[in-house]
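Trainee: Structure below; questions to follow.
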Amino acid sequence: MTAITDDLPARLLHEAHEGWRAILAGKGGDYYQRTMTGDGLLILPGVVLGRDDVRAAFKAAAPLDRYELHEPAVIRLGEHAGVLVYRSTAWRGDTATELQMSTTYLFDENNGGWAIAAHQESPV
């Protein structure tokens, strides 16, 4: 079981890094499908995907080589939820893409872990 800690910013940053590591390992679709709430959304430029659509979307995307997170901030939504906002840079080969990211996490007591209710990416 994942513990709820008083250090919500560190917990949510840990969750974000878990997602990025899954993406780099070619398992981003599996990660998001597993960790999104049943009605969760992945909001990307030009498309909104539900939980059932994320695996195919990640398979269709070119793989990433590395990432960086910058300027993280957390908005607390009570003891068991929060929004993590940050700027990211992700590389495919020599091409870097900068995005503003926002992920809403909530603690899912039924599954004993943090779940993604919404994740949004916007170009910088």
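A note on labels: chains of the structure tokens are A, B, ... as shown, every chain counts residues from 1, and ligands are counted from 1 in their shown order.
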Counting only C-alpha atoms, what is within 9 Å of Tyr105 (chain A), bar same-chain residues fewer than 6 positions away, as a PyMOL selection string?
Mentor: chain A and resi 12+15+36+80-84+114-119
Trainee: Considering only C-alpha atoms, return as JSON, numbers by chain whatever protein or nucleic-acid residues lie within 12 Å of region 31-33 of chain A, sequence-local ones (same chain, fewer than 5 positions apart) excluded.
Mentor: {"A": [15, 16, 17, 18, 19, 20, 21, 22, 23, 24, 25, 26, 38, 39, 40, 41, 42, 49, 50, 51, 52, 53, 54, 55, 56, 57, 58, 103, 114, 115, 116, 117, 118, 119]}
Trainee: Okay, now the selection with C-alpha atoms, as a PDB file, in the first residue's frame?
Mentor:
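File written: part.pdb
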```
ATOM      1  CA  GLU A  15       4.413   9.865  -9.197  1.00  0.00           C
ATOM      2  CA  ALA A  16       5.261  12.149 -12.144  1.00  0.00           C
ATOM      3  CA  HIS A  17       8.756  10.663 -12.434  1.00  0.00           C
ATOM      4  CA  GLU A  18       7.244   7.157 -12.361  1.00  0.00           C
ATOM      5  CA  GLY A  19       5.123   8.103 -15.356  1.00  0.00           C
ATOM      6  CA  TRP A  20       8.064   9.567 -17.253  1.00  0.00           C
ATOM      7  CA  ARG A  21      10.207   6.494 -16.553  1.00  0.00           C
ATOM      8  CA  ALA A  22       7.412   4.297 -17.894  1.00  0.00           C
ATOM      9  CA  ILE A  23       7.234   6.426 -21.045  1.00  0.00           C
ATOM     10  CA  LEU A  24      11.007   6.156 -21.590  1.00  0.00           C
ATOM     11  CA  ALA A  25      10.765   2.373 -21.112  1.00  0.00           C
ATOM     12  CA  GLY A  26       8.057   2.145 -23.790  1.00  0.00           C
ATOM     13  CA  GLY A  38     -12.025   5.111 -14.683  1.00  0.00           C
ATOM     14  CA  ASP A  39     -13.228   8.463 -15.989  1.00  0.00           C
ATOM     15  CA  GLY A  40      -9.757  10.058 -16.147  1.00  0.00           C
ATOM     16  CA  LEU A  41      -8.670  12.141 -19.126  1.00  0.00           C
ATOM     17  CA  LEU A  42      -5.377  12.714 -20.923  1.00  0.00           C
ATOM     18  CA  LEU A  49      -8.214  10.704 -24.569  1.00  0.00           C
ATOM     19  CA  GLY A  50     -10.028   8.546 -22.067  1.00  0.00           C
ATOM     20  CA  ARG A  51      -8.390   5.784 -20.103  1.00  0.00           C
ATOM     21  CA  ASP A  52      -9.289   3.147 -22.693  1.00  0.00           C
ATOM     22  CA  ASP A  53      -7.554   5.088 -25.494  1.00  0.00           C
ATOM     23  CA  VAL A  54      -4.173   5.837 -23.922  1.00  0.00           C
ATOM     24  CA  ARG A  55      -2.398   2.560 -24.685  1.00  0.00           C
ATOM     25  CA  ALA A  56      -2.931   2.909 -28.453  1.00  0.00           C
ATOM     26  CA  ALA A  57      -1.926   6.592 -28.372  1.00  0.00           C
ATOM     27  CA  PHE A  58       1.378   5.807 -26.665  1.00  0.00           C
ATOM     28  CA  THR A 103      -1.731  16.467 -13.465  1.00  0.00           C
ATOM     29  CA  TRP A 114      -2.292   7.470  -6.279  1.00  0.00           C
ATOM     30  CA  ALA A 115      -4.486   7.778  -9.369  1.00  0.00           C
ATOM     31  CA  ILE A 116      -4.519  10.302 -12.209  1.00  0.00           C
ATOM     32  CA  ALA A 117      -7.871  12.022 -12.665  1.00  0.00           C
ATOM     33  CA  ALA A 118      -6.648  14.395 -15.398  1.00  0.00           C
ATOM     34  CA  HIS A 119      -3.368  15.097 -17.157  1.00  0.00           C
TER      35      HIS A 119
END
```
Trainee: Compare A:Gly78, A:Pro63, A:Gly28, A:Gly46 by their minimum atom-to-atom distance to Leu8 (chain A), counting only C-alpha atoms, and give me the closest one.
Mentor: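 Under the stated criterion, the closest residue is A:Gly78.
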Trainee: Which of these residues is nearest to His14 (chain A), using only C-alpha atoms: A:Ser122, A:Pro72, A:Arg87, A:Asp94?
Mentor: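 For His14 (chain A), the nearest of the candidates is A:Pro72.
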Trainee: Which is closer to Asn111 (chain A) than all the others in A:Pro9, A:Ala60, A:Arg34, A:Lys27, using only C-alpha atoms?
Mentor: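 Nearest to Asn111 (chain A): A:Arg34.
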Trainee: What does the distance from CA of Ala90 (chain A) to CA of Leu64 (chain A) come to in Å, to one decimal?
Mentor: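 Between CA of Ala90 (chain A) and CA of Leu64 (chain A) the gap works out to 6.8 Å.
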Trainee: Just the strand (DSSP E or B) stuff from chain A, please, per backbone DSSP, written as an MDAnalysis selection string.
Mentor: chainID A and resid 36:44 47:50 66:76 81:92 95:108 113:123
Trainee: For CA of Thr35 (chain A) and CA of Thr97 (chain A), determine how far apart the two atoms are, in Å to one decimal place.
Mentor: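 CA of Thr97 (chain A) lies at a distance of 24.3 Å from CA of Thr35 (chain A).
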Trainee: Report, in Å with one decimal, the straight-line distance from CA of Val48 (chain A) to CA of Arg66 (chain A).
Mentor: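 A separation of 24.1 Å between them.
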